[in-house]
$ cat input-v8.txt   # compact mmCIF, N, CA and C atoms
# COMPACT_ATOMS: atom_id res chain seq x y z
N MET A 1 3.17 -5.47 -20.14
CA MET A 1 4.32 -5.19 -19.33
C MET A 1 4.33 -6.19 -18.17
N ARG A 2 5.47 -6.77 -17.93
CA ARG A 2 5.63 -7.74 -16.84
C ARG A 2 6.54 -7.13 -15.78
N VAL A 3 6.09 -7.18 -14.53
CA VAL A 3 6.86 -6.65 -13.41
C VAL A 3 7.32 -7.83 -12.56
N GLU A 4 8.62 -8.03 -12.52
CA GLU A 4 9.20 -9.12 -11.73
C GLU A 4 9.34 -8.70 -10.27
N GLY A 5 9.26 -9.66 -9.38
CA GLY A 5 9.44 -9.39 -7.96
C GLY A 5 8.21 -8.81 -7.30
N LEU A 6 7.07 -8.89 -7.95
CA LEU A 6 5.82 -8.36 -7.41
C LEU A 6 4.74 -9.41 -7.62
N SER A 7 4.01 -9.71 -6.57
CA SER A 7 2.93 -10.68 -6.71
C SER A 7 1.65 -10.11 -6.14
N ALA A 8 0.54 -10.74 -6.47
CA ALA A 8 -0.75 -10.32 -5.95
C ALA A 8 -0.83 -10.45 -4.44
N ALA A 9 0.04 -11.27 -3.86
CA ALA A 9 0.06 -11.46 -2.41
C ALA A 9 0.92 -10.43 -1.69
N SER A 10 1.43 -9.45 -2.41
CA SER A 10 2.30 -8.44 -1.83
C SER A 10 1.59 -7.70 -0.68
N GLN A 11 2.35 -7.29 0.29
CA GLN A 11 1.82 -6.51 1.40
C GLN A 11 1.57 -5.06 1.00
N GLN A 12 2.12 -4.64 -0.13
CA GLN A 12 1.92 -3.28 -0.62
C GLN A 12 0.49 -3.15 -1.14
N ALA A 13 -0.26 -2.22 -0.59
CA ALA A 13 -1.66 -2.03 -1.02
C ALA A 13 -1.74 -1.59 -2.48
N ASP A 14 -0.72 -0.88 -2.95
CA ASP A 14 -0.75 -0.37 -4.32
C ASP A 14 -0.78 -1.46 -5.37
N VAL A 15 -0.44 -2.69 -5.01
CA VAL A 15 -0.51 -3.79 -5.97
C VAL A 15 -1.96 -3.98 -6.44
N ARG A 16 -2.90 -3.50 -5.66
CA ARG A 16 -4.32 -3.63 -6.04
C ARG A 16 -4.70 -2.69 -7.18
N PHE A 17 -3.80 -1.80 -7.58
CA PHE A 17 -4.09 -0.91 -8.71
C PHE A 17 -4.35 -1.72 -9.98
N VAL A 18 -3.79 -2.91 -10.07
CA VAL A 18 -4.04 -3.73 -11.26
C VAL A 18 -5.52 -4.09 -11.37
N GLU A 19 -6.23 -4.13 -10.24
CA GLU A 19 -7.68 -4.38 -10.28
C GLU A 19 -8.40 -3.24 -10.99
N VAL A 20 -7.94 -2.02 -10.78
CA VAL A 20 -8.51 -0.86 -11.48
C VAL A 20 -8.21 -0.99 -12.98
N LEU A 21 -6.99 -1.38 -13.31
CA LEU A 21 -6.63 -1.56 -14.71
C LEU A 21 -7.48 -2.65 -15.36
N GLU A 22 -7.80 -3.70 -14.63
CA GLU A 22 -8.68 -4.75 -15.16
C GLU A 22 -10.05 -4.18 -15.45
N ARG A 23 -10.57 -3.36 -14.55
CA ARG A 23 -11.89 -2.75 -14.78
C ARG A 23 -11.86 -1.81 -15.98
N MET A 24 -10.69 -1.30 -16.30
CA MET A 24 -10.55 -0.42 -17.46
C MET A 24 -10.36 -1.21 -18.75
N GLY A 25 -10.28 -2.53 -18.66
CA GLY A 25 -10.20 -3.38 -19.85
C GLY A 25 -8.89 -4.10 -20.04
N CYS A 26 -7.92 -3.89 -19.17
CA CYS A 26 -6.63 -4.58 -19.29
C CYS A 26 -6.76 -6.04 -18.87
N SER A 27 -5.92 -6.87 -19.42
CA SER A 27 -5.84 -8.25 -18.94
C SER A 27 -4.62 -8.34 -18.03
N VAL A 28 -4.77 -9.06 -16.94
CA VAL A 28 -3.71 -9.18 -15.94
C VAL A 28 -3.41 -10.66 -15.72
N GLU A 29 -2.16 -11.01 -15.82
CA GLU A 29 -1.70 -12.36 -15.47
C GLU A 29 -0.93 -12.26 -14.17
N ARG A 30 -1.16 -13.22 -13.29
CA ARG A 30 -0.51 -13.22 -11.99
C ARG A 30 0.32 -14.48 -11.83
N GLY A 31 1.59 -14.29 -11.57
CA GLY A 31 2.48 -15.41 -11.31
C GLY A 31 2.91 -15.40 -9.85
N PRO A 32 3.69 -16.37 -9.44
CA PRO A 32 4.10 -16.46 -8.04
C PRO A 32 4.96 -15.27 -7.60
N ARG A 33 5.71 -14.69 -8.55
CA ARG A 33 6.57 -13.55 -8.20
C ARG A 33 6.56 -12.49 -9.30
N TRP A 34 5.45 -12.37 -10.00
CA TRP A 34 5.36 -11.38 -11.06
C TRP A 34 3.90 -11.07 -11.38
N LEU A 35 3.70 -9.93 -11.97
CA LEU A 35 2.41 -9.52 -12.52
C LEU A 35 2.66 -9.02 -13.94
N ALA A 36 1.76 -9.34 -14.84
CA ALA A 36 1.87 -8.86 -16.21
C ALA A 36 0.55 -8.21 -16.61
N VAL A 37 0.64 -7.04 -17.21
CA VAL A 37 -0.54 -6.29 -17.63
C VAL A 37 -0.45 -6.03 -19.12
N ARG A 38 -1.54 -6.31 -19.81
CA ARG A 38 -1.61 -6.04 -21.25
C ARG A 38 -2.85 -5.17 -21.47
N GLY A 39 -2.63 -4.07 -22.14
CA GLY A 39 -3.73 -3.15 -22.39
C GLY A 39 -4.58 -3.56 -23.57
N PRO A 40 -5.83 -3.14 -23.57
CA PRO A 40 -6.71 -3.39 -24.71
C PRO A 40 -6.47 -2.32 -25.78
N ARG A 41 -7.18 -2.43 -26.86
CA ARG A 41 -7.07 -1.39 -27.90
C ARG A 41 -7.50 -0.04 -27.32
N TYR A 42 -8.58 -0.04 -26.54
CA TYR A 42 -9.08 1.18 -25.91
C TYR A 42 -9.39 0.89 -24.44
N LEU A 43 -8.91 1.75 -23.57
CA LEU A 43 -9.26 1.65 -22.15
C LEU A 43 -10.66 2.21 -21.95
N HIS A 44 -11.35 1.73 -20.91
CA HIS A 44 -12.68 2.22 -20.54
C HIS A 44 -12.54 3.06 -19.28
N GLY A 45 -13.29 4.14 -19.20
CA GLY A 45 -13.34 4.90 -17.96
C GLY A 45 -13.98 4.06 -16.88
N VAL A 46 -13.64 4.35 -15.64
CA VAL A 46 -14.22 3.61 -14.51
C VAL A 46 -15.03 4.58 -13.66
N GLY A 47 -16.18 4.11 -13.22
CA GLY A 47 -17.07 4.96 -12.42
C GLY A 47 -16.49 5.33 -11.07
N ARG A 48 -15.65 4.47 -10.55
CA ARG A 48 -15.05 4.73 -9.24
C ARG A 48 -13.57 4.46 -9.32
N GLY A 49 -12.82 5.35 -8.76
CA GLY A 49 -11.37 5.19 -8.73
C GLY A 49 -10.94 4.40 -7.50
N PRO A 50 -9.67 4.46 -7.20
CA PRO A 50 -9.11 3.67 -6.10
C PRO A 50 -9.36 4.33 -4.74
N GLU A 51 -10.58 4.22 -4.22
CA GLU A 51 -10.94 4.92 -2.99
C GLU A 51 -10.07 4.53 -1.81
N ARG A 52 -9.63 3.31 -1.76
CA ARG A 52 -8.78 2.88 -0.65
C ARG A 52 -7.31 2.85 -1.07
N LEU A 53 -7.02 3.48 -2.19
CA LEU A 53 -5.65 3.54 -2.70
C LEU A 53 -5.30 4.98 -3.07
N PRO A 54 -5.33 5.89 -2.11
CA PRO A 54 -5.13 7.29 -2.46
C PRO A 54 -3.79 7.58 -3.10
N ASP A 55 -2.76 6.78 -2.80
CA ASP A 55 -1.45 7.01 -3.41
C ASP A 55 -1.46 6.74 -4.91
N SER A 56 -2.45 6.02 -5.39
CA SER A 56 -2.55 5.70 -6.82
C SER A 56 -3.42 6.69 -7.59
N ALA A 57 -3.95 7.68 -6.90
CA ALA A 57 -4.87 8.61 -7.55
C ALA A 57 -4.22 9.36 -8.71
N LEU A 58 -3.00 9.81 -8.52
CA LEU A 58 -2.33 10.55 -9.60
C LEU A 58 -2.02 9.63 -10.78
N THR A 59 -1.67 8.39 -10.50
CA THR A 59 -1.44 7.41 -11.56
C THR A 59 -2.72 7.20 -12.36
N LEU A 60 -3.84 7.04 -11.65
CA LEU A 60 -5.11 6.86 -12.32
C LEU A 60 -5.48 8.08 -13.15
N ALA A 61 -5.18 9.26 -12.65
CA ALA A 61 -5.50 10.48 -13.40
C ALA A 61 -4.80 10.49 -14.75
N VAL A 62 -3.56 10.04 -14.78
CA VAL A 62 -2.82 9.99 -16.05
C VAL A 62 -3.36 8.88 -16.96
N VAL A 63 -3.61 7.71 -16.40
CA VAL A 63 -4.13 6.59 -17.20
C VAL A 63 -5.50 6.96 -17.77
N ALA A 64 -6.32 7.67 -16.99
CA ALA A 64 -7.67 8.04 -17.43
C ALA A 64 -7.65 8.96 -18.64
N LEU A 65 -6.55 9.68 -18.84
CA LEU A 65 -6.44 10.53 -20.03
C LEU A 65 -6.55 9.73 -21.32
N PHE A 66 -6.20 8.46 -21.27
CA PHE A 66 -6.19 7.60 -22.45
C PHE A 66 -7.42 6.69 -22.53
N ALA A 67 -8.36 6.89 -21.60
CA ALA A 67 -9.56 6.04 -21.56
C ALA A 67 -10.73 6.72 -22.25
N ARG A 68 -11.59 5.90 -22.79
CA ARG A 68 -12.84 6.40 -23.36
C ARG A 68 -13.89 6.35 -22.26
N GLY A 69 -14.54 7.45 -22.05
CA GLY A 69 -15.54 7.52 -21.00
C GLY A 69 -14.99 8.23 -19.77
N ARG A 70 -15.85 8.41 -18.83
CA ARG A 70 -15.53 9.18 -17.62
C ARG A 70 -14.91 8.31 -16.55
N THR A 71 -13.93 8.85 -15.86
CA THR A 71 -13.35 8.20 -14.69
C THR A 71 -13.49 9.15 -13.51
N ALA A 72 -14.05 8.66 -12.42
CA ALA A 72 -14.22 9.47 -11.21
C ALA A 72 -13.16 9.08 -10.19
N ILE A 73 -12.49 10.09 -9.67
CA ILE A 73 -11.49 9.87 -8.62
C ILE A 73 -12.01 10.59 -7.38
N ARG A 74 -12.35 9.82 -6.36
CA ARG A 74 -12.98 10.36 -5.16
C ARG A 74 -12.24 9.93 -3.90
N ASN A 75 -12.57 10.64 -2.83
CA ASN A 75 -12.08 10.28 -1.49
C ASN A 75 -10.56 10.18 -1.43
N VAL A 76 -9.89 11.18 -1.92
CA VAL A 76 -8.43 11.18 -1.91
C VAL A 76 -7.88 12.37 -1.11
N ARG A 77 -8.65 12.81 -0.14
CA ARG A 77 -8.21 13.94 0.69
C ARG A 77 -6.90 13.65 1.41
N THR A 78 -6.63 12.40 1.69
CA THR A 78 -5.39 12.07 2.40
C THR A 78 -4.15 12.38 1.57
N CYS A 79 -4.29 12.59 0.27
CA CYS A 79 -3.14 12.95 -0.55
C CYS A 79 -2.50 14.25 -0.07
N ALA A 80 -3.31 15.16 0.43
CA ALA A 80 -2.78 16.45 0.87
C ALA A 80 -1.86 16.30 2.07
N SER A 81 -2.06 15.28 2.86
CA SER A 81 -1.22 15.09 4.05
C SER A 81 -0.12 14.06 3.81
N LYS A 82 -0.06 13.54 2.61
CA LYS A 82 0.96 12.54 2.30
C LYS A 82 1.99 13.13 1.35
N GLU A 83 2.14 12.53 0.19
CA GLU A 83 3.19 12.92 -0.73
C GLU A 83 2.95 14.26 -1.42
N THR A 84 1.69 14.61 -1.65
CA THR A 84 1.43 15.76 -2.51
C THR A 84 0.08 16.38 -2.20
N ASP A 85 -0.06 17.65 -2.53
CA ASP A 85 -1.36 18.28 -2.44
C ASP A 85 -1.83 18.73 -3.82
N ARG A 86 -1.26 18.13 -4.87
CA ARG A 86 -1.61 18.51 -6.24
C ARG A 86 -3.05 18.21 -6.61
N MET A 87 -3.71 17.33 -5.87
CA MET A 87 -5.09 17.00 -6.20
C MET A 87 -6.01 18.21 -6.00
N ARG A 88 -5.64 19.14 -5.16
CA ARG A 88 -6.49 20.30 -4.89
C ARG A 88 -6.22 21.46 -5.85
N ARG A 89 -5.22 21.36 -6.65
CA ARG A 89 -4.87 22.49 -7.53
C ARG A 89 -5.53 22.39 -8.87
$ encode --input "input-v8.txt" --output "structure tokens"
Amino acid sequence: MRVEGLSAASQQADVRFVEVLERMGCSVERGPRWLAVRGPRYLHGVGRGPERLPDSALTLAVVALFARGRTAIRNVRTCASKETDRMRR
């Protein structure tokens, strides 16, 4: 999947979620104004989730459903004071 208008130099911290996807086995291409992600045959679980990206925790939870192995999502207490408190339910 290629996302136009987004680069690795973006000020949005969530752009770093592609680093988590790389650790899960995806290949990432970075262009001046785009990012492209291609998944492997099987995703790998990651020992640590996006600790400094709490807004991506729910995204990682869904992606981890399709990964082989365990994925740990930690230090996301700030989610309760932001968009959602679903992490505690």
$ residues_near_point --input "input-v8.txt" --point "(-12.9, 0.3, -20.9)" --cutoff "6.5 Å" --atoms "all atoms listed in the file" --output "list in words"
Arg23, Met24, Gly25, Tyr42, Leu43, His44, Gly45 and Arg68 of chain A
$ residues_around --input "input-v8.txt" --residues "Gln12 in chain A" --least-positions-apart "6" --cutoff "12 Å" --atoms "only C-alpha atoms" --output "number ranges by chain"
A: 6, 53, 55-56
$ atom_distance --input "input-v8.txt" --atom1 "atom C of Glu4 in chain A" --atom2 "atom C of Arg33 in chain A"
4.8 Å
$ residues_around --input "input-v8.txt" --residues "Gly47 in chain A" --least-positions-apart "2" --cutoff "6.5 Å" --atoms "all atoms listed in the file" --output "PDB file with N, CA and C atoms, keeping the file's coordinate frame"
ATOM      1  N   GLY A  45     -13.290   4.140 -19.200  1.00  0.00           N
ATOM      2  CA  GLY A  45     -13.340   4.900 -17.960  1.00  0.00           C
ATOM      3  C   GLY A  45     -13.980   4.060 -16.880  1.00  0.00           C
ATOM      4  N   GLY A  49     -12.820   5.350  -8.760  1.00  0.00           N
ATOM      5  CA  GLY A  49     -11.370   5.190  -8.730  1.00  0.00           C
ATOM      6  C   GLY A  49     -10.940   4.400  -7.500  1.00  0.00           C
ATOM      7  N   ARG A  70     -15.850   8.410 -18.830  1.00  0.00           N
ATOM      8  CA  ARG A  70     -15.530   9.180 -17.620  1.00  0.00           C
ATOM      9  C   ARG A  70     -14.910   8.310 -16.550  1.00  0.00           C
ATOM     10  N   THR A  71     -13.930   8.850 -15.860  1.00  0.00           N
ATOM     11  CA  THR A  71     -13.350   8.200 -14.690  1.00  0.00           C
ATOM     12  C   THR A  71     -13.490   9.150 -13.510  1.00  0.00           C
ATOM     13  N   ALA A  72     -14.050   8.660 -12.420  1.00  0.00           N
ATOM     14  CA  ALA A  72     -14.220   9.470 -11.210  1.00  0.00           C
ATOM     15  C   ALA A  72     -13.160   9.080 -10.190  1.00  0.00           C
ATOM     16  N   ILE A  73     -12.490  10.090  -9.670  1.00  0.00           N
ATOM     17  CA  ILE A  73     -11.490   9.870  -8.620  1.00  0.00           C
ATOM     18  C   ILE A  73     -12.010  10.590  -7.380  1.00  0.00           C
TER      19      ILE A  73
END
$ residues_around --input "input-v8.txt" --residues "Leu60 in chain A" --least-positions-apart "2" --cutoff "9 Å" --atoms "only C-alpha atoms" --output "PyMOL selection string"
chain A and resi 17+20-21+49-50+56-58+62-65+71+73
$ atom_distance --input "input-v8.txt" --atom1 "CA of Arg41 in chain A" --atom2 "CA of Arg74 in chain A"
26.3 Å
